[in-house]
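Enquirer: Please find structure-v9.txt (compact mmCIF, C-alpha atoms and all ligand atoms) on the next line:
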# COMPACT_ATOMS: atom_id res chain seq x y z
CA MET A 450 18.25 14.41 7.34
CA LYS A 451 21.34 15.13 9.43
CA PRO A 452 22.48 17.65 12.03
CA ILE A 453 24.34 20.76 10.91
CA ASP A 454 27.69 21.58 12.39
CA GLN A 455 29.06 24.18 9.96
CA LEU A 456 27.46 24.72 6.59
CA LEU A 457 28.40 27.12 3.80
CA ILE A 458 25.95 27.80 0.99
CA ARG A 459 27.98 29.47 -1.73
CA ASN A 460 26.93 32.00 -4.29
CA VAL A 461 23.21 31.76 -3.61
CA GLU A 462 20.49 34.21 -4.52
CA ILE A 463 18.65 35.11 -1.32
CA MET A 464 15.00 35.94 -1.84
CA ASP A 465 13.72 38.17 0.92
CA LEU A 466 9.98 37.66 0.54
CA VAL A 467 9.13 40.23 3.22
CA GLY A 468 11.32 43.07 1.96
CA ARG A 469 10.83 41.86 -1.64
CA GLN A 470 14.57 42.05 -2.33
CA ARG A 471 17.06 39.72 -3.92
CA GLU A 472 20.75 39.57 -3.07
CA LYS A 473 23.57 37.25 -4.09
CA ALA A 474 25.82 36.13 -1.24
CA ASP A 475 27.41 33.28 0.70
CA VAL A 476 25.50 32.08 3.75
CA VAL A 477 27.13 30.36 6.73
CA ILE A 478 25.03 28.30 9.15
CA CYS A 479 26.34 27.13 12.53
CA GLY A 480 24.06 24.62 14.24
CA ASP A 481 20.56 26.04 14.13
CA ARG A 482 21.49 29.68 13.37
CA ILE A 483 22.54 31.78 10.42
CA ASP A 484 26.04 32.86 11.37
CA LYS A 485 27.02 35.11 8.51
CA ILE A 486 25.81 36.48 5.20
CA GLY A 487 28.38 37.99 2.84
CA GLN A 488 31.59 36.87 1.22
CA VAL A 489 33.27 33.79 2.67
CA ASP A 490 36.64 32.24 1.81
CA PHE A 491 35.46 28.76 0.93
CA GLU A 492 38.96 27.33 0.58
CA THR A 493 39.59 27.64 4.29
CA PHE A 494 36.03 26.73 5.34
CA ALA A 495 36.00 23.60 7.52
CA GLY A 496 32.37 22.41 7.26
CA GLN A 497 29.99 21.20 4.53
CA ILE A 498 29.87 23.35 1.39
CA ILE A 499 26.99 23.53 -1.06
CA ASP A 500 27.66 25.28 -4.35
CA ALA A 501 24.33 27.02 -4.87
CA THR A 502 24.87 28.78 -8.18
CA ASP A 503 21.44 29.10 -9.89
CA HIS A 504 19.67 28.38 -6.59
CA LEU A 505 17.22 30.49 -4.62
CA LEU A 506 17.29 30.56 -0.84
CA LEU A 507 13.89 31.46 0.60
CA PRO A 508 12.15 31.44 3.97
CA GLY A 509 11.05 27.85 4.66
CA LEU A 510 7.76 27.01 2.96
CA ILE A 511 4.77 26.10 5.14
CA ASP A 512 1.65 24.19 4.15
CA MET A 513 -1.25 25.17 6.37
CA HIS A 514 -3.57 22.40 5.18
CA VAL A 515 -2.42 18.77 5.24
CA HIS A 516 -3.70 15.43 6.52
CA LEU A 517 -1.08 13.19 8.12
CA ARG A 518 -3.36 10.30 9.23
CA GLU A 519 -1.46 9.60 12.45
CA PRO A 520 -2.88 8.59 14.87
CA GLY A 521 -5.25 6.07 13.29
CA ARG A 522 -4.45 5.39 9.63
CA GLU A 523 -0.70 4.86 9.63
CA ASP A 524 -1.10 2.61 6.57
CA GLU A 525 -1.93 5.79 4.58
CA GLU A 526 0.51 8.28 6.17
CA THR A 527 2.49 8.77 9.35
CA ILE A 528 3.90 11.94 10.84
CA GLU A 529 7.31 10.72 9.67
CA SER A 530 6.30 9.87 6.09
CA GLY A 531 4.28 13.08 5.83
CA CYS A 532 7.32 15.07 6.98
CA ALA A 533 9.48 13.24 4.42
CA ALA A 534 7.05 14.27 1.68
CA ALA A 535 7.01 17.80 3.07
CA MET A 536 10.81 18.11 3.00
CA ALA A 537 10.95 16.77 -0.54
CA GLY A 538 8.41 19.42 -1.44
CA GLY A 539 10.51 22.20 0.09
CA PHE A 540 8.49 22.63 3.29
CA THR A 541 9.82 23.28 6.79
CA GLY A 542 6.35 23.50 8.33
CA VAL A 543 3.00 21.72 8.01
CA CYS A 544 -0.32 22.08 9.78
CA PRO A 545 -2.14 18.75 10.03
CA MET A 546 -5.92 18.80 10.17
CA PRO A 547 -7.64 17.11 13.12
CA ASN A 548 -9.53 14.33 11.30
CA THR A 549 -7.32 11.61 12.76
CA GLU A 550 -8.54 8.58 14.75
CA PRO A 551 -8.92 9.55 17.54
CA CYS A 552 -9.81 13.04 16.50
CA CYS A 553 -7.47 15.86 17.51
CA ASP A 554 -10.08 17.43 19.78
CA ASN A 555 -8.24 17.16 23.11
CA GLN A 556 -4.87 18.04 24.58
CA GLU A 557 -3.64 14.44 24.61
CA VAL A 558 -3.81 14.11 20.83
CA VAL A 559 -2.17 17.52 20.32
CA ARG A 560 0.65 16.41 22.63
CA PHE A 561 0.91 13.02 20.88
CA ILE A 562 1.39 14.71 17.51
CA LYS A 563 3.91 17.21 18.84
CA LYS A 564 5.86 14.48 20.64
CA HIS A 565 6.02 12.26 17.55
CA ALA A 566 7.23 15.21 15.49
CA GLU A 567 9.86 16.38 17.95
CA THR A 568 12.82 14.82 16.10
CA GLN A 569 11.58 15.92 12.67
CA LEU A 570 13.14 18.79 10.73
CA VAL A 571 9.64 19.92 9.79
CA ASP A 572 7.64 21.96 12.29
CA VAL A 573 4.41 20.02 12.75
CA LEU A 574 1.81 22.49 14.00
CA PRO A 575 -1.48 20.75 14.73
CA ILE A 576 -4.87 22.25 14.00
CA ALA A 577 -7.38 21.15 16.63
CA ALA A 578 -11.06 20.45 16.09
CA ILE A 579 -13.72 23.11 16.56
CA THR A 580 -16.21 20.60 17.93
CA LYS A 581 -15.78 17.32 19.80
CA GLY A 582 -15.34 14.44 17.38
CA ARG A 583 -15.85 17.01 14.59
CA ALA A 584 -19.52 16.18 15.08
CA GLY A 585 -20.65 19.80 15.02
CA ASN A 586 -22.41 19.87 18.39
CA GLU A 587 -20.16 20.54 21.36
CA ILE A 588 -17.26 22.99 21.25
CA THR A 589 -13.79 21.72 22.24
CA GLU A 590 -11.75 23.16 25.12
CA MET A 591 -10.25 25.80 22.87
CA VAL A 592 -8.23 27.71 25.43
CA ASP A 593 -6.54 24.50 26.68
CA LEU A 594 -5.93 23.29 23.14
CA ALA A 595 -4.27 26.57 22.27
CA ARG A 596 -2.13 26.27 25.38
CA SER A 597 -0.96 22.77 24.47
CA GLY A 598 0.19 23.89 21.01
CA ALA A 599 -2.72 23.86 18.58
CA VAL A 600 -2.24 26.72 16.09
CA ALA A 601 -5.82 27.01 14.75
CA PHE A 602 -9.22 25.31 14.86
CA SER A 603 -11.06 23.46 12.12
CA ASP A 604 -13.51 20.59 11.64
CA ASP A 605 -12.05 20.14 8.14
CA GLY A 606 -13.68 17.35 6.20
CA SER A 607 -16.96 18.36 7.78
CA PRO A 608 -18.75 21.68 7.91
CA VAL A 609 -19.93 23.12 11.22
CA ARG A 610 -23.59 22.99 10.36
CA ASN A 611 -25.18 24.68 13.34
CA ASN A 612 -24.89 28.48 13.09
CA ALA A 613 -25.17 29.03 16.85
CA VAL A 614 -22.40 26.50 17.52
CA MET A 615 -20.18 28.24 14.96
CA ARG A 616 -20.93 31.60 16.49
CA ARG A 617 -19.91 30.40 19.94
CA ALA A 618 -16.78 28.74 18.54
CA MET A 619 -15.79 32.04 16.94
CA GLU A 620 -16.34 33.87 20.21
CA TYR A 621 -14.02 31.48 22.07
CA ALA A 622 -11.40 31.41 19.30
CA GLY A 623 -11.51 35.20 19.22
CA MET A 624 -10.74 35.30 22.93
CA VAL A 625 -7.40 33.52 22.33
CA ASP A 626 -6.93 35.30 18.97
CA MET A 627 -6.87 32.04 17.03
CA LEU A 628 -7.94 31.41 13.48
CA ILE A 629 -11.08 29.40 12.69
CA ILE A 630 -10.60 27.49 9.43
CA ASP A 631 -13.83 26.33 7.84
CA HIS A 632 -14.50 23.59 5.32
CA CYS A 633 -17.39 25.38 3.64
CA GLU A 634 -20.01 23.00 2.41
CA ASP A 635 -23.74 22.96 2.98
CA ALA A 636 -24.09 19.35 4.06
CA ASP A 637 -27.64 18.99 2.75
CA LEU A 638 -26.92 20.44 -0.68
CA ALA A 639 -23.70 18.45 -1.05
CA ALA A 640 -25.13 15.28 0.46
CA GLU A 641 -24.91 12.66 -2.29
CA GLY A 642 -22.63 14.56 -4.69
CA HIS A 643 -19.30 13.32 -6.03
CA MET A 644 -18.32 16.04 -8.51
CA ASN A 645 -19.23 19.57 -9.62
CA GLU A 646 -22.89 19.94 -10.51
CA GLY A 647 -23.33 20.98 -14.12
CA GLU A 648 -23.56 19.75 -17.67
CA MET A 649 -20.59 17.45 -17.13
CA SER A 650 -22.09 15.67 -14.10
CA THR A 651 -25.28 15.12 -16.08
CA ARG A 652 -23.28 13.70 -19.01
CA LEU A 653 -21.28 11.38 -16.77
CA GLY A 654 -24.32 10.38 -14.73
CA VAL A 655 -22.67 11.33 -11.44
CA ALA A 656 -24.51 13.26 -8.73
CA GLY A 657 -23.23 16.82 -8.43
CA ILE A 658 -22.31 19.35 -5.73
CA PRO A 659 -23.41 22.86 -6.75
CA ASN A 660 -21.27 25.97 -6.24
CA ALA A 661 -24.07 27.16 -3.96
CA ALA A 662 -23.16 24.48 -1.40
CA GLU A 663 -19.90 26.36 -0.81
CA GLU A 664 -21.21 29.87 -1.38
CA ILE A 665 -23.95 29.58 1.26
CA GLN A 666 -21.56 28.57 3.97
CA VAL A 667 -18.97 31.19 2.99
CA ALA A 668 -21.73 33.82 3.27
CA ARG A 669 -22.69 32.42 6.69
CA ASP A 670 -19.06 32.54 7.88
CA ILE A 671 -18.65 36.13 6.69
CA SER A 672 -21.77 37.14 8.64
CA LEU A 673 -20.49 35.43 11.78
CA ALA A 674 -16.97 36.86 11.41
CA ARG A 675 -18.54 40.31 11.17
CA LEU A 676 -20.70 39.60 14.22
CA THR A 677 -17.98 38.12 16.45
CA GLY A 678 -14.85 39.86 15.16
CA CYS A 679 -13.14 36.46 15.02
CA ARG A 680 -10.59 35.84 12.25
CA VAL A 681 -12.02 33.26 9.86
CA HIS A 682 -10.20 31.43 7.07
CA ILE A 683 -11.98 29.62 4.24
CA ALA A 684 -10.23 26.36 3.36
CA HIS A 685 -9.82 25.28 -0.27
CA ILE A 686 -12.03 27.89 -1.93
CA SER A 687 -13.34 26.62 -5.28
CA ALA A 688 -16.41 28.51 -6.49
CA ARG A 689 -16.38 31.89 -8.25
CA GLU A 690 -19.29 33.11 -6.12
CA SER A 691 -17.31 32.42 -2.93
CA VAL A 692 -14.32 34.38 -4.26
CA GLU A 693 -16.57 37.36 -4.92
CA LEU A 694 -18.08 37.15 -1.41
CA VAL A 695 -14.63 37.11 0.20
CA ARG A 696 -13.48 40.00 -2.00
CA ARG A 697 -16.40 42.18 -0.94
CA ALA A 698 -16.11 41.19 2.74
CA LYS A 699 -12.42 42.11 2.75
CA GLN A 700 -13.20 45.51 1.25
CA GLU A 701 -15.65 46.01 4.07
CA GLY A 702 -13.00 45.13 6.68
CA VAL A 703 -14.38 41.75 7.79
CA PRO A 704 -11.51 39.61 9.22
CA ILE A 705 -11.71 36.95 6.52
CA SER A 706 -9.03 35.12 4.52
CA CYS A 707 -8.91 32.10 2.23
CA GLU A 708 -6.71 29.55 0.52
CA VAL A 709 -6.74 27.75 -2.82
CA THR A 710 -5.24 24.36 -3.71
CA PRO A 711 -3.13 23.75 -6.81
CA HIS A 712 -5.54 21.10 -8.09
CA HIS A 713 -8.44 23.53 -8.14
CA LEU A 714 -6.31 25.83 -10.30
CA LEU A 715 -4.96 23.18 -12.63
CA PHE A 716 -7.83 20.78 -13.29
CA CYS A 717 -11.51 21.24 -14.08
CA GLU A 718 -14.62 19.09 -14.26
CA GLN A 719 -13.92 18.23 -17.92
CA ASP A 720 -10.89 16.24 -16.74
CA LEU A 721 -13.21 13.74 -15.08
CA VAL A 722 -14.20 12.20 -18.39
CA ASP A 723 -12.32 8.99 -17.51
CA TYR A 724 -13.74 8.80 -13.99
CA ASP A 725 -10.22 9.05 -12.52
CA THR A 726 -10.66 8.80 -8.74
CA ASN A 727 -7.37 10.70 -8.32
CA LEU A 728 -9.33 13.72 -9.52
CA LYS A 729 -12.07 13.23 -6.97
CA MET A 730 -11.78 15.82 -4.25
CA ASN A 731 -13.94 17.91 -1.97
CA PRO A 732 -14.77 20.61 -2.91
CA PRO A 733 -14.94 19.15 -6.40
CA LEU A 734 -13.03 20.36 -9.45
CA ARG A 735 -15.15 23.15 -10.86
CA SER A 736 -15.56 24.82 -14.26
CA ALA A 737 -13.17 26.89 -16.38
CA GLN A 738 -15.08 30.00 -15.24
CA ASP A 739 -14.38 29.14 -11.62
CA ILE A 740 -10.67 28.66 -12.36
CA ALA A 741 -10.56 32.10 -13.98
CA ALA A 742 -12.16 33.58 -10.84
CA LEU A 743 -9.63 31.78 -8.62
CA GLU A 744 -6.80 33.23 -10.71
CA ASP A 745 -8.29 36.71 -10.41
CA GLY A 746 -8.60 36.15 -6.65
CA LEU A 747 -4.91 35.33 -6.46
CA LYS A 748 -3.99 38.34 -8.56
CA ASP A 749 -5.87 40.92 -6.51
CA GLY A 750 -5.01 39.40 -3.12
CA THR A 751 -8.50 38.09 -2.33
CA ILE A 752 -6.90 34.63 -2.00
CA ASP A 753 -4.18 34.83 0.64
CA VAL A 754 -2.61 31.39 0.66
CA ILE A 755 -1.87 28.37 -1.52
CA ALA A 756 -2.13 25.07 0.38
CA SER A 757 -1.99 21.46 -0.79
CA ASP A 758 -4.83 19.81 1.18
CA HIS A 759 -2.49 16.77 1.04
CA ALA A 760 -4.95 13.90 1.64
CA PRO A 761 -3.40 10.43 1.48
CA HIS A 762 -5.68 7.48 0.70
CA SER A 763 -4.73 3.83 0.22
CA VAL A 764 -4.81 2.21 -3.22
CA GLU A 765 -7.61 -0.13 -2.07
CA GLU A 766 -9.74 2.85 -1.11
CA LYS A 767 -9.14 4.80 -4.31
CA ASP A 768 -9.13 1.86 -6.76
CA VAL A 769 -12.91 1.53 -6.77
CA GLU A 770 -15.75 2.95 -8.84
CA PHE A 771 -15.93 6.76 -8.83
CA ALA A 772 -18.92 7.12 -6.52
CA ALA A 773 -17.41 4.80 -3.90
CA ALA A 774 -13.98 6.45 -3.75
CA PRO A 775 -13.06 8.84 -0.93
CA PHE A 776 -12.32 12.51 -1.67
CA GLY A 777 -8.75 13.84 -1.74
CA VAL A 778 -5.31 13.71 -3.36
CA ILE A 779 -1.73 13.92 -2.12
CA GLY A 780 0.17 17.08 -2.98
CA LEU A 781 3.03 18.01 -0.64
CA GLU A 782 5.79 17.02 -3.05
CA THR A 783 4.21 18.60 -6.12
CA ILE A 784 2.69 21.88 -4.93
CA LEU A 785 5.80 24.01 -5.46
CA GLY A 786 6.32 22.54 -8.94
CA VAL A 787 2.69 23.09 -9.91
CA VAL A 788 2.75 26.64 -8.61
CA LEU A 789 5.93 27.55 -10.49
CA HIS A 790 4.93 25.74 -13.66
CA GLN A 791 1.29 26.75 -13.79
CA ILE A 792 0.76 29.87 -11.71
CA VAL A 793 4.06 31.66 -12.31
CA ASP A 794 4.70 30.55 -15.89
CA ARG A 795 1.14 31.47 -16.85
CA GLN A 796 1.79 34.88 -15.26
CA VAL A 797 -1.02 34.65 -12.76
CA LEU A 798 1.47 35.64 -10.05
CA SER A 799 5.12 36.68 -10.05
CA MET A 800 7.53 34.23 -8.46
CA GLU A 801 7.82 36.44 -5.36
CA GLU A 802 4.05 36.73 -4.95
CA ALA A 803 3.56 32.97 -5.40
CA LEU A 804 6.27 32.04 -2.91
CA TYR A 805 4.94 34.61 -0.43
CA ARG A 806 1.63 32.71 -0.40
CA LEU A 807 3.49 29.47 0.36
CA SER A 808 5.66 30.88 3.11
CA ILE A 809 4.93 34.25 4.68
CA ALA A 810 1.15 34.63 4.28
CA PRO A 811 0.20 31.39 6.10
CA ARG A 812 2.51 32.18 9.02
CA ARG A 813 1.06 35.69 9.34
CA LEU A 814 -2.49 34.29 9.45
CA LEU A 815 -1.49 31.72 12.06
CA LYS A 816 0.54 34.32 14.03
CA LEU A 817 3.70 32.23 13.71
CA PRO A 818 7.18 33.74 13.56
CA VAL A 819 8.29 34.48 10.01
CA PRO A 820 11.77 33.11 9.19
CA GLN A 821 14.25 35.92 8.56
CA ILE A 822 17.30 35.40 6.39
CA HIS A 823 19.67 37.50 8.53
CA ALA A 824 22.77 36.76 10.59
CA GLY A 825 21.86 35.67 14.10
CA GLU A 826 18.38 34.42 13.16
CA PRO A 827 17.29 30.75 13.34
CA ALA A 828 18.08 29.01 10.04
CA ASN A 829 14.72 28.04 8.53
CA PHE A 830 14.86 28.05 4.76
CA SER A 831 14.35 26.16 1.53
CA LEU A 832 16.91 25.94 -1.24
CA ILE A 833 15.49 25.46 -4.73
CA LYS A 834 16.62 25.46 -8.33
CA PRO A 835 13.71 27.39 -9.82
CA LYS A 836 14.55 26.86 -13.48
CA ASP A 837 15.06 23.08 -13.45
CA THR A 838 12.20 20.83 -14.49
CA TRP A 839 11.36 17.30 -13.37
CA ILE A 840 8.82 14.62 -14.17
CA VAL A 841 6.53 13.38 -11.41
CA ASP A 842 6.87 9.65 -10.77
CA VAL A 843 4.33 8.66 -8.16
CA LYS A 844 6.18 5.41 -7.46
CA LYS A 845 8.97 7.51 -5.97
CA THR A 846 6.80 9.54 -3.62
CA ARG A 847 7.87 9.71 0.04
CA SER A 848 4.22 9.63 1.04
CA ARG A 849 2.77 6.25 2.02
CA SER A 850 -0.05 6.85 -0.46
CA ARG A 851 -0.04 7.10 -4.23
CA ASN A 852 -3.21 9.07 -5.00
CA SER A 853 -1.58 11.85 -7.04
CA PRO A 854 -3.21 13.38 -10.11
CA TYR A 855 0.19 14.71 -11.26
CA ASP A 856 1.88 11.41 -12.15
CA GLY A 857 3.86 11.78 -15.39
CA MET A 858 3.51 15.55 -15.47
CA THR A 859 6.47 17.89 -16.02
CA LEU A 860 6.84 20.46 -13.25
CA ARG A 861 9.32 23.25 -12.62
CA GLY A 862 11.42 23.94 -9.51
CA VAL A 863 13.68 21.35 -7.90
CA VAL A 864 14.17 21.29 -4.13
CA THR A 865 17.84 20.75 -3.29
CA ALA A 866 17.78 21.27 0.49
CA VAL A 867 15.63 22.32 3.43
CA VAL A 868 17.09 23.55 6.72
CA ASN A 869 15.34 23.91 10.07
CA LYS A 870 15.93 23.13 13.77
CA GLY A 871 19.67 22.59 13.22
CA LEU A 872 18.97 19.86 10.63
CA ILE A 873 19.47 19.68 6.88
CA TRP A 874 17.65 17.47 4.39
CA GLN A 875 18.92 16.94 0.85
CA PRO A 876 17.62 14.42 -1.67
CA ASN A 877 19.71 11.24 -2.03
CA PHE A 878 21.01 11.46 1.51
ZN ZN A 901 -11.72 20.28 3.67
Please re-express this file's structure in structure tokens.
Ligand SMILES: [Zn+2]

Expert:
Amino acid sequence: MKPIDQLLIRNVEIMDLVGRQREKADVVICGDRIDKIGQVDFETFAGQIIDATDHLLLPGLIDMHVHLREPGREDEETIESGCAAAMAGGFTGVCPMPNTEPCCDNQEVVRFIKKHAETQLVDVLPIAAITKGRAGNEITEMVDLARSGAVAFSDDGSPVRNNAVMRRAMEYAGMVDMLIIDHCEDADLAAEGHMNEGEMSTRLGVAGIPNAAEEIQVARDISLARLTGCRVHIAHISARESVELVRRAKQEGVPISCEVTPHHLLFCEQDLVDYDTNLKMNPPLRSAQDIAALEDGLKDGTIDVIASDHAPHSVEEKDVEFAAAPFGVIGLETILGVVLHQIVDRQVLSMEEALYRLSIAPRRLLKLPVPQIHAGEPANFSLIKPKDTWIVDVKKTRSRSRNSPYDGMTLRGVVTAVVNKGLIWQPNF
């Protein structure tokens, strides 16, 4: 990562994800702004030059669901290491969830995170808790949290169990026009489960979590969104019944949105045959039928966003028997590659539609400015070689944790630079 003085990106294909246009041009960046787009005489250009033939330049990617573990579990991830993983993955923005220690349920923790991220290229946009300590009882000071820089509210990792508490939270969040992001899981139904409930969990002798555990809470959230008018976003949707509920609610005009993770699209419960704890996540990997429904949800726009749910865990925590391992996998560095290789190559989405869900759609939901690739605008973009493939080597991850299910896999799309806040990151710098 280094500051930009003058930078020329030559012969690049600019992908305008808002106007859905592509154009080949040279792009000049001065400091933190795009200075010029057009034809530039590179022989007389004084600054850094990147030959970007076969590259795409797109609005900086943003991941609206990550866990950075700082404050509290810096052995697993810090703001700095999480940002390093984000840059390597092509991201210029991340939204960390509030399940830190202490919990991000007050202005001090929001300010701590923002202060520690100040010098980073990546915009770190904290999501504050809905309830104090994410305990589900007492609502946080939402207006103050919004004022100090929180961009949304979530108790992610835990559901908000009490319907009246959730209703009140939505009323307050609605007052400041902020998004409520819910981790939808009926705590009683999911209680002792470690994987999807079905034939496979019976065969493996592992307690299951039924689709209904998610579906019930999604239905509850839709009812409350309709009642309060608050914008509600379902985190990591996994069950086909939930997709159908969101589809119908959207048709009805309920202010609801949702996201899917790459692992829920790529893996299914059958992959758990070896009890690999790097495939243990919450919600659990579901069935092939659920994956088909998730793909349909992406195709028809029911699913708005793709997010990693990057959840670092130490080797000691994950290297235990399946039932004792914590839920979650890392994913910031691999999400783009999985999306291009699996979602685009399998023609679930076009490249433009897939990248829109990793860049524009999350910012629109969070009411954040959308990066524009025009002269005079702040330079916030990712530069990728979409056709190149690479093999995931988890030993080389920038994350402090190694719990990736993608180790050894071939993915498509190589990140060659990210630019934001007057800084550039390139691999091997
Ligand atoms: Zn969650």

Enquirer: Could you tell me, counting only C-alpha atoms and all ligand atoms, which protein and nucleic acid residues lie no more than 7 Å from ligand ZN 901 (chain A), written as a PDB file with C-alpha atoms, in the frame of the given file?

Expert:
ATOM      1  CA  ASP A 605     -12.050  20.140   8.140  1.00  0.00           C
ATOM      2  CA  GLY A 606     -13.680  17.350   6.200  1.00  0.00           C
ATOM      3  CA  SER A 607     -16.960  18.360   7.780  1.00  0.00           C
ATOM      4  CA  HIS A 632     -14.500  23.590   5.320  1.00  0.00           C
ATOM      5  CA  ALA A 684     -10.230  26.360   3.360  1.00  0.00           C
ATOM      6  CA  HIS A 685      -9.820  25.280  -0.270  1.00  0.00           C
ATOM      7  CA  ASN A 731     -13.940  17.910  -1.970  1.00  0.00           C
TER       8      ASN A 731
END

Enquirer: Please provide the set of residues having any atom within 6 Å of region 708-713 of chain A, restricted to all atoms listed in the file, with same-chain residues fewer than 4 positions apart removed, written as a PyMOL selection string.

Expert: chain A and resi 684-686+734+752-757

Enquirer: Just give me the gap between CA of Val558 (chain A) and CA of Ile705 (chain A) in Å, one decimal is fine.

Expert: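 CA of Ile705 (chain A) lies 28.1 Å from CA of Val558 (chain A).
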
Enquirer: Of the candidates A:Val769, A:Ile665, A:Val543, A:Cys633, which one gets nearest to Ser808 (chain A) if we count all atoms listed in the file?

Expert: A:Val543

Enquirer: From the list A:Glu802, A:Asp524, A:Asp572, A:Asp725, which residue is nearest Pro818 (chain A) when using all atoms listed in the file?

Expert: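 So, comparing all the options, the nearest one is A:Asp572.
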
Enquirer: Would you please work out which residue, of A:Leu505, A:Glu462, A:Ala613, A:Asp635, is nearest to Pro835 (chain A) when using only C-alpha atoms?

Expert: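 For Pro835 (chain A), the nearest of the given residues is A:Leu505.
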
Enquirer: Between CA of Met649 (chain A) and CA of Arg735 (chain A), what is the spacing in Å?

Expert: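 About the pair CA of Arg735 (chain A) and CA of Met649 (chain A): they are 10.1 Å apart.
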
Enquirer: Need the shell around Phe771 (chain A): protein/DNA/RNA residues with any atom at most 10 Å away, counting only C-alpha atoms. Skip same-chain ones fewer than 6 positions apart. Format as a list in words?

Expert: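 Surrounding residues, per the criterion: His643, Met644, Val655, Leu721, Asp723, Tyr724, Asp725, Thr726, Asn727, Leu728 and Lys729 of chain A.
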
Enquirer: Could you work out an axis-aligned box for region 520-536 of chain A, taking every atom the file lists and adding 4 Å on each side, and report centre and edge lengths in Å to one decimal, as JSON?

Expert:
{"center_x": 2.8, "center_y": 10.4, "center_z": 8.3, "size_x": 24.1, "size_y": 23.5, "size_z": 21.2}

Enquirer: Which residue out of A:Glu519, A:Glu634, A:Glu718, A:Asp670 has the minimum interatomic distance to Glu646 (chain A) when all atoms listed in the file are used?

Expert: A:Glu718

Enquirer: Residues at most 8 Å from Val764 (chain A), counting all atoms listed in the file, excluding those fewer than 5 positions away in the same chain, as a list in words?

Expert: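 Everything that qualifies: Ser850, Arg851 and Asn852 of chain A.
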
Enquirer: For the residues in the current selection, export C-alpha atoms as a PDB file, in the coordinates of the input.

Expert:
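What landed in selection-v9.pdb:
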ATOM      1  CA  SER A 850      -0.050   6.850  -0.460  1.00  0.00           C
ATOM      2  CA  ARG A 851      -0.040   7.100  -4.230  1.00  0.00           C
ATOM      3  CA  ASN A 852      -3.210   9.070  -5.000  1.00  0.00           C
TER       4      ASN A 852
END

Enquirer: Which residue gives the smallest distance to Met536 (chain A) among A:Gln719, A:Thr493, A:Thr865, A:Ser799, with all atoms listed in the file counted?

Expert: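 For Met536 (chain A), the nearest of the given residues is A:Thr865.
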
Enquirer: With distances taken over all atoms listed in the file, which residue among A:Val477, A:Ala566, A:Pro733, A:Ile629 lies nearest Ala656 (chain A)?

Expert: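 Looking at the shortest contact to Ala656 (chain A), the residue is A:Pro733.
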
Enquirer: Just want the 9 Å neighbourhood of region 489-492 of chain A, counted on only C-alpha atoms, with same-chain residues fewer than 4 positions away dropped. Output as a ChimeraX atom specification.

Expert: /A:457,459,474-477,485,498
